[in-house]
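Colleague: Following this line is model29.pdb, made up of PDB, C-alpha atoms and all ligand atoms:
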```pdb
MODEL        1
ATOM      1  CA  MET A  40      50.874 -50.231 -52.536
ATOM      2  CA  SER A  41      48.451 -53.082 -53.103
ATOM      3  CA  GLN A  42      48.949 -56.374 -51.370
ATOM      4  CA  LYS A  43      49.603 -58.066 -54.693
ATOM      5  CA  ALA A  44      52.380 -55.641 -55.644
ATOM      6  CA  SER A  45      53.998 -55.717 -52.208
ATOM      7  CA  ARG A  46      54.709 -59.439 -52.515
ATOM      8  CA  HIS A  47      57.290 -58.762 -55.208
ATOM      9  CA  ALA A  48      60.646 -57.115 -55.366
ATOM     10  CA  VAL A  49      60.461 -53.712 -57.051
ATOM     11  CA  ASN A  50      62.493 -54.881 -60.018
ATOM     12  CA  MET A  51      60.422 -57.987 -60.784
ATOM     13  CA  LEU A  52      60.191 -58.799 -64.500
ATOM     14  CA  VAL A  53      57.600 -60.586 -66.645
ATOM     15  CA  ASP A  54      58.273 -62.715 -69.730
ATOM     16  CA  THR A  55      55.070 -62.095 -71.691
ATOM     17  CA  HIS A  56      55.857 -64.368 -74.641
ATOM     18  CA  THR A  57      57.786 -67.591 -74.402
ATOM     19  CA  HIS A  58      57.424 -71.233 -75.426
ATOM     20  CA  ILE A  59      58.586 -73.367 -72.518
ATOM     21  CA  HIS A  60      55.784 -75.935 -72.256
ATOM     22  CA  ASN A  61      57.409 -78.289 -74.771
ATOM     23  CA  LYS A  62      60.472 -80.184 -73.682
ATOM     24  CA  ASN A  63      62.167 -79.595 -77.039
ATOM     25  CA  ASP A  64      61.837 -75.835 -76.650
ATOM     26  CA  ARG A  65      63.486 -75.796 -73.235
ATOM     27  CA  ALA A  66      67.192 -75.335 -72.610
ATOM     28  CA  ASP A  67      66.755 -77.074 -69.251
ATOM     29  CA  SER A  68      64.231 -79.025 -67.151
ATOM     30  CA  ALA A  69      61.103 -77.100 -66.191
ATOM     31  CA  GLU A  70      62.469 -76.822 -62.632
ATOM     32  CA  GLY A  71      65.767 -75.473 -63.974
ATOM     33  CA  ILE A  72      63.988 -72.932 -66.205
ATOM     34  CA  PHE A  73      61.922 -71.584 -63.302
ATOM     35  CA  LYS A  74      64.881 -71.513 -60.918
ATOM     36  CA  HIS A  75      67.026 -69.617 -63.428
ATOM     37  CA  ALA A  76      64.164 -67.177 -64.065
ATOM     38  CA  HIS A  77      63.704 -66.459 -60.343
ATOM     39  CA  GLU A  78      67.450 -65.960 -59.881
ATOM     40  CA  LEU A  79      67.333 -63.268 -62.566
ATOM     41  CA  GLY A  80      64.204 -61.612 -61.146
ATOM     42  CA  VAL A  81      61.684 -62.995 -63.639
ATOM     43  CA  ASP A  82      58.675 -64.012 -61.565
ATOM     44  CA  LYS A  83      55.807 -64.208 -64.055
ATOM     45  CA  ILE A  84      55.866 -66.132 -67.317
ATOM     46  CA  ILE A  85      53.332 -66.513 -70.137
ATOM     47  CA  THR A  86      53.880 -69.583 -72.307
ATOM     48  CA  ILE A  87      52.344 -69.122 -75.740
ATOM     49  CA  GLY A  88      50.510 -71.750 -77.797
ATOM     50  CA  THR A  89      51.108 -71.942 -81.524
ATOM     51  CA  ARG A  90      48.363 -74.362 -82.570
ATOM     52  CA  PRO A  91      45.481 -76.182 -80.878
ATOM     53  CA  GLU A  92      47.292 -79.294 -79.703
ATOM     54  CA  ASP A  93      50.310 -77.280 -78.614
ATOM     55  CA  SER A  94      48.016 -74.846 -76.786
ATOM     56  CA  LEU A  95      46.447 -77.673 -74.797
ATOM     57  CA  ASN A  96      49.980 -78.731 -73.823
ATOM     58  CA  ALA A  97      50.617 -75.168 -72.679
ATOM     59  CA  LYS A  98      47.414 -75.322 -70.608
ATOM     60  CA  GLU A  99      48.407 -78.563 -68.946
ATOM     61  CA  PHE A 100      51.944 -77.289 -68.244
ATOM     62  CA  ALA A 101      50.753 -73.990 -66.763
ATOM     63  CA  GLU A 102      48.079 -75.592 -64.596
ATOM     64  CA  LYS A 103      50.550 -78.143 -63.262
ATOM     65  CA  TRP A 104      53.270 -75.622 -62.391
ATOM     66  CA  ALA A 105      50.799 -73.104 -60.991
ATOM     67  CA  LYS A 106      49.840 -75.780 -58.477
ATOM     68  CA  ASN A 107      53.533 -75.915 -57.555
ATOM     69  CA  GLY A 108      53.446 -72.198 -56.797
ATOM     70  CA  GLU A 109      54.790 -70.771 -60.065
ATOM     71  CA  ASN A 110      53.246 -67.663 -61.649
ATOM     72  CA  ILE A 111      52.902 -69.366 -65.014
ATOM     73  CA  TYR A 112      50.148 -68.571 -67.520
ATOM     74  CA  TRP A 113      49.302 -69.671 -71.038
ATOM     75  CA  THR A 114      47.529 -68.592 -74.232
ATOM     76  CA  PHE A 115      45.625 -70.452 -76.956
ATOM     77  CA  GLY A 116      47.218 -69.879 -80.360
ATOM     78  CA  PHE A 117      46.832 -70.463 -84.083
ATOM     79  CA  HIS A 118      50.182 -69.373 -85.512
ATOM     80  CA  PRO A 119      49.636 -68.264 -89.138
ATOM     81  CA  ASN A 120      52.422 -70.513 -90.442
ATOM     82  CA  GLU A 121      50.874 -73.564 -88.797
ATOM     83  CA  TYR A 122      47.526 -73.086 -90.430
ATOM     84  CA  ALA A 123      48.136 -75.594 -93.219
ATOM     85  CA  GLU A 124      47.980 -78.266 -90.548
ATOM     86  CA  ILE A 125      44.471 -77.322 -89.488
ATOM     87  CA  ASP A 126      41.738 -78.902 -91.545
ATOM     88  CA  ARG A 127      39.337 -76.148 -92.594
ATOM     89  CA  ALA A 128      36.341 -78.352 -91.817
ATOM     90  CA  ASP A 129      37.662 -78.839 -88.295
ATOM     91  CA  LEU A 130      38.152 -75.171 -87.569
ATOM     92  CA  THR A 131      34.692 -74.582 -86.074
ATOM     93  CA  ASN A 132      35.209 -77.581 -83.861
ATOM     94  CA  THR A 133      38.657 -76.318 -82.879
ATOM     95  CA  ILE A 134      37.296 -72.883 -82.003
ATOM     96  CA  ASN A 135      34.839 -74.655 -79.686
ATOM     97  CA  VAL A 136      37.707 -76.530 -78.068
ATOM     98  CA  ALA A 137      39.531 -73.223 -77.606
ATOM     99  CA  GLN A 138      36.455 -71.566 -76.121
ATOM    100  CA  LYS A 139      36.265 -74.263 -73.432
ATOM    101  CA  ALA A 140      40.009 -74.260 -72.756
ATOM    102  CA  LEU A 141      40.028 -70.476 -72.324
ATOM    103  CA  LYS A 142      38.137 -71.001 -69.058
ATOM    104  CA  SER A 143      41.331 -72.434 -67.538
ATOM    105  CA  PRO A 144      42.292 -70.371 -64.463
ATOM    106  CA  GLN A 145      45.802 -69.951 -65.914
ATOM    107  CA  ASN A 146      44.678 -68.770 -69.351
ATOM    108  CA  VAL A 147      45.446 -65.116 -70.004
ATOM    109  CA  GLY A 148      44.677 -64.706 -73.676
ATOM    110  CA  ILE A 149      44.718 -65.773 -77.299
ATOM    111  CA  GLY A 150      47.868 -66.039 -79.391
ATOM    112  CA  GLU A 151      49.979 -66.195 -81.113
ATOM    113  CA  ILE A 152      47.727 -65.305 -84.013
ATOM    114  CA  GLY A 153      48.239 -63.007 -86.986
ATOM    115  CA  LEU A 154      49.610 -63.073 -90.520
ATOM    116  CA  ASP A 155      53.032 -64.160 -91.759
ATOM    117  CA  TYR A 156      53.998 -63.812 -95.424
ATOM    118  CA  HIS A 157      57.706 -64.213 -94.787
ATOM    119  CA  PHE A 158      58.271 -67.728 -96.073
ATOM    120  CA  ASP A 159      57.367 -68.952 -99.550
ATOM    121  CA  GLY A 160      54.345 -71.183 -99.925
ATOM    122  CA  TYR A 161      51.989 -69.355 -97.578
ATOM    123  CA  ASP A 162      48.298 -69.101 -98.383
ATOM    124  CA  ALA A 163      47.329 -65.475 -97.703
ATOM    125  CA  GLN A 164      43.615 -66.093 -98.132
ATOM    126  CA  ARG A 165      43.539 -68.941 -95.619
ATOM    127  CA  GLN A 166      45.659 -66.994 -93.146
ATOM    128  CA  ARG A 167      43.257 -64.059 -93.350
ATOM    129  CA  GLU A 168      40.231 -66.318 -92.834
ATOM    130  CA  LEU A 169      41.835 -67.908 -89.802
ATOM    131  CA  LEU A 170      42.775 -64.528 -88.359
ATOM    132  CA  GLU A 171      39.164 -63.376 -88.656
ATOM    133  CA  GLU A 172      37.929 -66.455 -86.781
ATOM    134  CA  CYS A 173      40.500 -65.889 -84.048
ATOM    135  CA  LEU A 174      39.679 -62.204 -83.723
ATOM    136  CA  GLN A 175      36.008 -63.047 -83.431
ATOM    137  CA  LEU A 176      36.917 -65.424 -80.604
ATOM    138  CA  ALA A 177      39.030 -62.738 -78.911
ATOM    139  CA  GLN A 178      36.237 -60.202 -79.222
ATOM    140  CA  ASP A 179      33.591 -62.611 -77.901
ATOM    141  CA  THR A 180      35.691 -63.733 -74.937
ATOM    142  CA  LYS A 181      37.261 -60.297 -74.221
ATOM    143  CA  LYS A 182      40.678 -61.926 -74.000
ATOM    144  CA  PRO A 183      43.860 -60.006 -74.860
ATOM    145  CA  VAL A 184      45.845 -61.163 -77.881
ATOM    146  CA  SER A 185      49.526 -61.781 -78.537
ATOM    147  CA  PHE A 186      49.894 -60.941 -82.240
ATOM    148  CA  HIS A 187      52.481 -62.329 -84.620
ATOM    149  CA  VAL A 188      52.629 -60.275 -87.839
ATOM    150  CA  ARG A 189      55.481 -60.481 -90.306
ATOM    151  CA  ASP A 190      55.699 -58.892 -93.766
ATOM    152  CA  ALA A 191      51.917 -58.650 -93.803
ATOM    153  CA  PHE A 192      50.851 -55.373 -92.139
ATOM    154  CA  ASP A 193      49.060 -54.014 -95.233
ATOM    155  CA  ASP A 194      46.645 -56.932 -95.044
ATOM    156  CA  PHE A 195      46.613 -57.063 -91.264
ATOM    157  CA  TRP A 196      45.341 -53.587 -90.348
ATOM    158  CA  PRO A 197      42.064 -53.643 -92.335
ATOM    159  CA  ILE A 198      41.143 -56.970 -90.695
ATOM    160  CA  PHE A 199      42.224 -55.821 -87.221
ATOM    161  CA  ASP A 200      40.123 -52.669 -87.587
ATOM    162  CA  ASN A 201      36.941 -54.713 -88.023
ATOM    163  CA  PHE A 202      37.065 -55.989 -84.443
ATOM    164  CA  HIS A 203      36.909 -54.512 -80.965
ATOM    165  CA  LEU A 204      39.513 -56.038 -78.708
ATOM    166  CA  VAL A 205      40.672 -55.417 -75.185
ATOM    167  CA  THR A 206      44.214 -54.012 -74.922
ATOM    168  CA  SER A 207      46.561 -56.411 -76.722
ATOM    169  CA  VAL A 208      50.210 -56.883 -77.664
ATOM    170  CA  MET A 209      52.115 -56.882 -80.957
ATOM    171  CA  HIS A 210      54.771 -59.451 -80.161
ATOM    172  CA  SER A 211      58.317 -59.184 -81.513
ATOM    173  CA  PHE A 212      57.679 -56.117 -83.622
ATOM    174  CA  SER A 213      60.412 -55.609 -86.242
ATOM    175  CA  ASP A 214      58.761 -53.628 -89.038
ATOM    176  CA  SER A 215      58.790 -49.994 -90.202
ATOM    177  CA  LYS A 216      58.307 -46.852 -88.112
ATOM    178  CA  LYS A 217      55.050 -46.349 -89.990
ATOM    179  CA  ASN A 218      53.660 -49.680 -88.838
ATOM    180  CA  LEU A 219      54.944 -49.083 -85.319
ATOM    181  CA  ARG A 220      52.982 -45.824 -85.323
ATOM    182  CA  ALA A 221      49.932 -47.676 -86.691
ATOM    183  CA  ALA A 222      50.158 -50.205 -83.839
ATOM    184  CA  LEU A 223      50.554 -47.521 -81.156
ATOM    185  CA  ASP A 224      47.710 -45.444 -82.625
ATOM    186  CA  ARG A 225      45.467 -48.498 -82.322
ATOM    187  CA  GLY A 226      46.280 -48.894 -78.629
ATOM    188  CA  LEU A 227      48.520 -51.930 -79.018
ATOM    189  CA  PHE A 228      51.466 -52.493 -76.705
ATOM    190  CA  ILE A 229      54.738 -53.741 -78.180
ATOM    191  CA  GLY A 230      56.540 -56.913 -77.093
ATOM    192  CA  VAL A 231      60.290 -56.246 -77.067
ATOM    193  CA  ASN A 232      62.753 -59.139 -76.922
ATOM    194  CA  GLY A 233      66.372 -60.080 -77.650
ATOM    195  CA  LEU A 234      66.047 -58.789 -81.220
ATOM    196  CA  ALA A 235      66.473 -55.282 -79.795
ATOM    197  CA  THR A 236      69.922 -56.228 -78.483
ATOM    198  CA  PHE A 237      71.335 -57.145 -81.900
ATOM    199  CA  ALA A 238      69.057 -55.864 -84.694
ATOM    200  CA  ASP A 239      68.447 -52.358 -85.985
ATOM    201  CA  ILE A 240      64.686 -52.012 -85.484
ATOM    202  CA  ALA A 241      62.149 -49.344 -84.526
ATOM    203  CA  HIS A 242      61.380 -49.103 -80.796
ATOM    204  CA  PRO A 243      58.178 -48.039 -79.033
ATOM    205  CA  PRO A 244      58.139 -45.576 -76.135
ATOM    206  CA  LEU A 245      58.938 -47.340 -72.856
ATOM    207  CA  GLU A 246      55.417 -46.572 -71.600
ATOM    208  CA  ARG A 247      53.952 -48.825 -74.296
ATOM    209  CA  MET A 248      56.344 -51.713 -73.940
ATOM    210  CA  VAL A 249      56.166 -55.195 -72.446
ATOM    211  CA  LEU A 250      59.176 -57.488 -72.198
ATOM    212  CA  GLU A 251      59.397 -60.981 -73.658
ATOM    213  CA  THR A 252      61.974 -63.539 -74.744
ATOM    214  CA  ASP A 253      60.208 -65.624 -77.435
ATOM    215  CA  ALA A 254      62.367 -68.427 -76.006
ATOM    216  CA  PRO A 255      63.773 -70.692 -77.311
ATOM    217  CA  TYR A 256      64.344 -68.146 -80.137
ATOM    218  CA  LEU A 257      65.887 -64.659 -80.338
ATOM    219  CA  THR A 258      68.483 -65.065 -77.576
ATOM    220  CA  PRO A 259      69.944 -61.701 -76.452
ATOM    221  CA  LYS A 260      73.359 -60.890 -77.884
ATOM    222  CA  GLN A 261      75.295 -61.900 -74.725
ATOM    223  CA  PHE A 262      74.165 -65.495 -75.266
ATOM    224  CA  ARG A 263      73.742 -65.736 -79.057
ATOM    225  CA  GLY A 264      74.026 -69.336 -80.200
ATOM    226  CA  LYS A 265      72.480 -70.669 -76.994
ATOM    227  CA  MET A 266      68.836 -71.548 -76.539
ATOM    228  CA  ASN A 267      66.900 -68.645 -75.083
ATOM    229  CA  LYS A 268      65.036 -68.912 -71.745
ATOM    230  CA  PRO A 269      62.704 -66.676 -69.714
ATOM    231  CA  GLY A 270      65.433 -65.570 -67.260
ATOM    232  CA  TYR A 271      67.187 -63.814 -70.142
ATOM    233  CA  VAL A 272      64.400 -61.249 -70.226
ATOM    234  CA  LYS A 273      66.660 -59.519 -67.698
ATOM    235  CA  TYR A 274      69.098 -58.711 -70.519
ATOM    236  CA  VAL A 275      66.308 -57.217 -72.603
ATOM    237  CA  ALA A 276      65.468 -55.005 -69.610
ATOM    238  CA  GLU A 277      69.148 -54.039 -69.300
ATOM    239  CA  TRP A 278      69.193 -53.130 -72.980
ATOM    240  CA  ALA A 279      66.083 -50.969 -72.474
ATOM    241  CA  ALA A 280      67.597 -49.180 -69.462
ATOM    242  CA  GLU A 281      70.590 -48.232 -71.584
ATOM    243  CA  TYR A 282      68.587 -47.315 -74.677
ATOM    244  CA  TYR A 283      66.012 -45.167 -72.847
ATOM    245  CA  LYS A 284      68.610 -43.801 -70.381
ATOM    246  CA  VAL A 285      66.606 -44.743 -67.300
ATOM    247  CA  ASP A 286      67.282 -46.969 -64.281
ATOM    248  CA  PHE A 287      66.801 -50.694 -64.617
ATOM    249  CA  ASP A 288      64.159 -50.492 -61.866
ATOM    250  CA  GLU A 289      62.203 -47.985 -63.923
ATOM    251  CA  VAL A 290      62.150 -50.365 -66.899
ATOM    252  CA  ALA A 291      61.019 -53.174 -64.604
ATOM    253  CA  ARG A 292      58.347 -51.072 -62.923
ATOM    254  CA  ILE A 293      56.809 -49.813 -66.184
ATOM    255  CA  THR A 294      56.957 -53.008 -68.245
ATOM    256  CA  THR A 295      55.767 -55.201 -65.369
ATOM    257  CA  ALA A 296      52.840 -52.873 -64.625
ATOM    258  CA  ASN A 297      51.917 -52.955 -68.337
ATOM    259  CA  ALA A 298      52.028 -56.758 -68.482
ATOM    260  CA  GLU A 299      50.048 -57.158 -65.247
ATOM    261  CA  LYS A 300      47.354 -54.813 -66.487
ATOM    262  CA  ILE A 301      47.019 -56.229 -70.010
ATOM    263  CA  PHE A 302      47.005 -59.896 -69.027
ATOM    264  CA  GLU A 303      45.446 -59.429 -65.563
ATOM    265  CA  ILE A 304      48.211 -61.338 -63.824
TER
HETATM  266 ZN    ZN B   1      56.425 -66.895 -80.286
ENDMDL
END
```
Could you write out this file's structure as structure tokens?
Ligand SMILES: [Zn+2]
Modeller:
Amino acid sequence: MSQKASRHAVNMLVDTHTHIHNKNDRADSAEGIFKHAHELGVDKIITIGTRPEDSLNAKEFAEKWAKNGENIYWTFGFHPNEYAEIDRADLTNTINVAQKALKSPQNVGIGEIGLDYHFDGYDAQRQRELLEECLQLAQDTKKPVSFHVRDAFDDFWPIFDNFHLVTSVMHSFSDSKKNLRAALDRGLFIGVNGLATFADIAHPPLERMVLETDAPYLTPKQFRGKMNKPGYVKYVAEWAAEYYKVDFDEVARITTANAEKIFEI
């Protein structure tokens, strides 16, 4: 066993996709969130940016709490639904800002990025252009990606296939078996969260899974109606143990090893 692994309990969990850097997205103080997470065995957390300014907040939050001894990491994101807020003329400049910020010792990737045609009023063309810029950045920097794709896989795959990325994650997958297969065939890992505990969706093999909460959203069924938090990833792991008919420790071992490898944490 490596020195790094031996520091942790065997059933340590990772929340690979959460949004806890903003006060409004937290059910508790930052201290309270971390304490609750540790109590439930969640020792590594990746807080995900959704747009440039928000991503820089995530950077600041992660760097601050890492200094306090937390295993907290962050990603730089351009959520497809937030794109309207980014001035097209500023995008090149913003990509430069991202490129610099990605050098942060706590940065572990790019995301969330992708396509989302779920809500009326989206601009598919602009979303696709933004995705291409982000994928170019991911390819150039060799950073893993946390993808957000909703109701847009037919447009997503041809763009994705034009780039060469390091192993990345399709976060909160809730589409067809066909698109699950397409993701797995392309080497993507699947981020499974509280949705699995209450929605009828397709599930990846355990070997290709990472755990997440997407807090403050998608609270597992035991706590529906409450704000989600990273500690609740434990209930996603419990769901997986039941669904895959394996021990909880096996779920923890596999999903944690996947997360540590993909994000180098
Ligand atoms: Zn998210």
Colleague: With the file shown as input, list the residues that the PyMOL selection byres (((chain A and resi 161-169) around 10) and not hetatm) selects, as JSON, numbers by chain.
Modeller: {"A": [117, 118, 119, 120, 121, 122, 123, 125, 127, 130, 152, 153, 154, 155, 156, 157, 158, 159, 160, 170, 171, 172, 173, 174, 175, 191, 194, 195, 198]}
Colleague: Could you tell me, counting only C-alpha atoms and all ligand atoms, which protein and nucleic acid residues lie no more than 7 Å from ligand ZN 1 (chain B), written as a short mmCIF file (atom, residue, chain, number, x, y, z; two decimals) with C-alpha atoms, in the frame of the given file?
Modeller:
```cif
data_model
loop_
_atom_site.label_atom_id
_atom_site.label_comp_id
_atom_site.auth_asym_id
_atom_site.auth_seq_id
_atom_site.Cartn_x
_atom_site.Cartn_y
_atom_site.Cartn_z
CA HIS A 56 55.86 -64.37 -74.64
CA THR A 57 57.79 -67.59 -74.40
CA HIS A 58 57.42 -71.23 -75.43
CA ILE A 87 52.34 -69.12 -75.74
CA GLU A 151 49.98 -66.19 -81.11
CA ASP A 253 60.21 -65.62 -77.44
#
```
Colleague: Expand the PyMOL selection byres (((chain A and resi 91) around 7) and not hetatm) into the individual residues it matches in the shown file, reporting them as a PyMOL selection string.
Modeller: chain A and resi 90+92-95+115-117
Colleague: Using the chain letters and numbering of this document, enumerate as a list of chain:residue names the residues selected by the PyMOL selection byres (((chain A and resi 179) around 12) and not hetatm).
Modeller: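 Here the PyMOL selection byres (((chain A and resi 179) around 12) and not hetatm) matches A:Ile134, A:Gln138, A:Leu141, A:Ile149, A:Glu172, A:Cys173, A:Leu174, A:Gln175, A:Leu176, A:Ala177, A:Gln178, A:Thr180, A:Lys181, A:Lys182, A:Pro183, A:Phe202, A:His203, A:Leu204, A:Val205.
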Colleague: Can you tell me which residues surround A:Trp278 at a distance of at most 9 Å, considering all atoms listed in the file, apart from same-chain residues fewer than 5 positions away, and format the answer as an MDAnalysis selection string?
Modeller: chainID A and resid 233 235:236 273 283
Colleague: Please produce a file of the residues just selected, as a JSON list (two decimals), keeping the file's coordinate frame, where the atoms kept are C-alpha atoms.
Modeller:
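The resulting file, result_39.json, is reproduced below:
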```json
[["chain", "number", "residue", "atom", "x", "y", "z"],
["A", 233, "GLY", "CA", 66.37, -60.08, -77.65],
["A", 235, "ALA", "CA", 66.47, -55.28, -79.80],
["A", 236, "THR", "CA", 69.92, -56.23, -78.48],
["A", 273, "LYS", "CA", 66.66, -59.52, -67.70],
["A", 283, "TYR", "CA", 66.01, -45.17, -72.85]]
```
Colleague: Taking only C-alpha atoms into account, which of A:Lys142, A:Gly108, A:Gly71, A:Val147 comes nearest A:Gly88?
Modeller: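 Smallest separation from A:Gly88 among the options: A:Val147.
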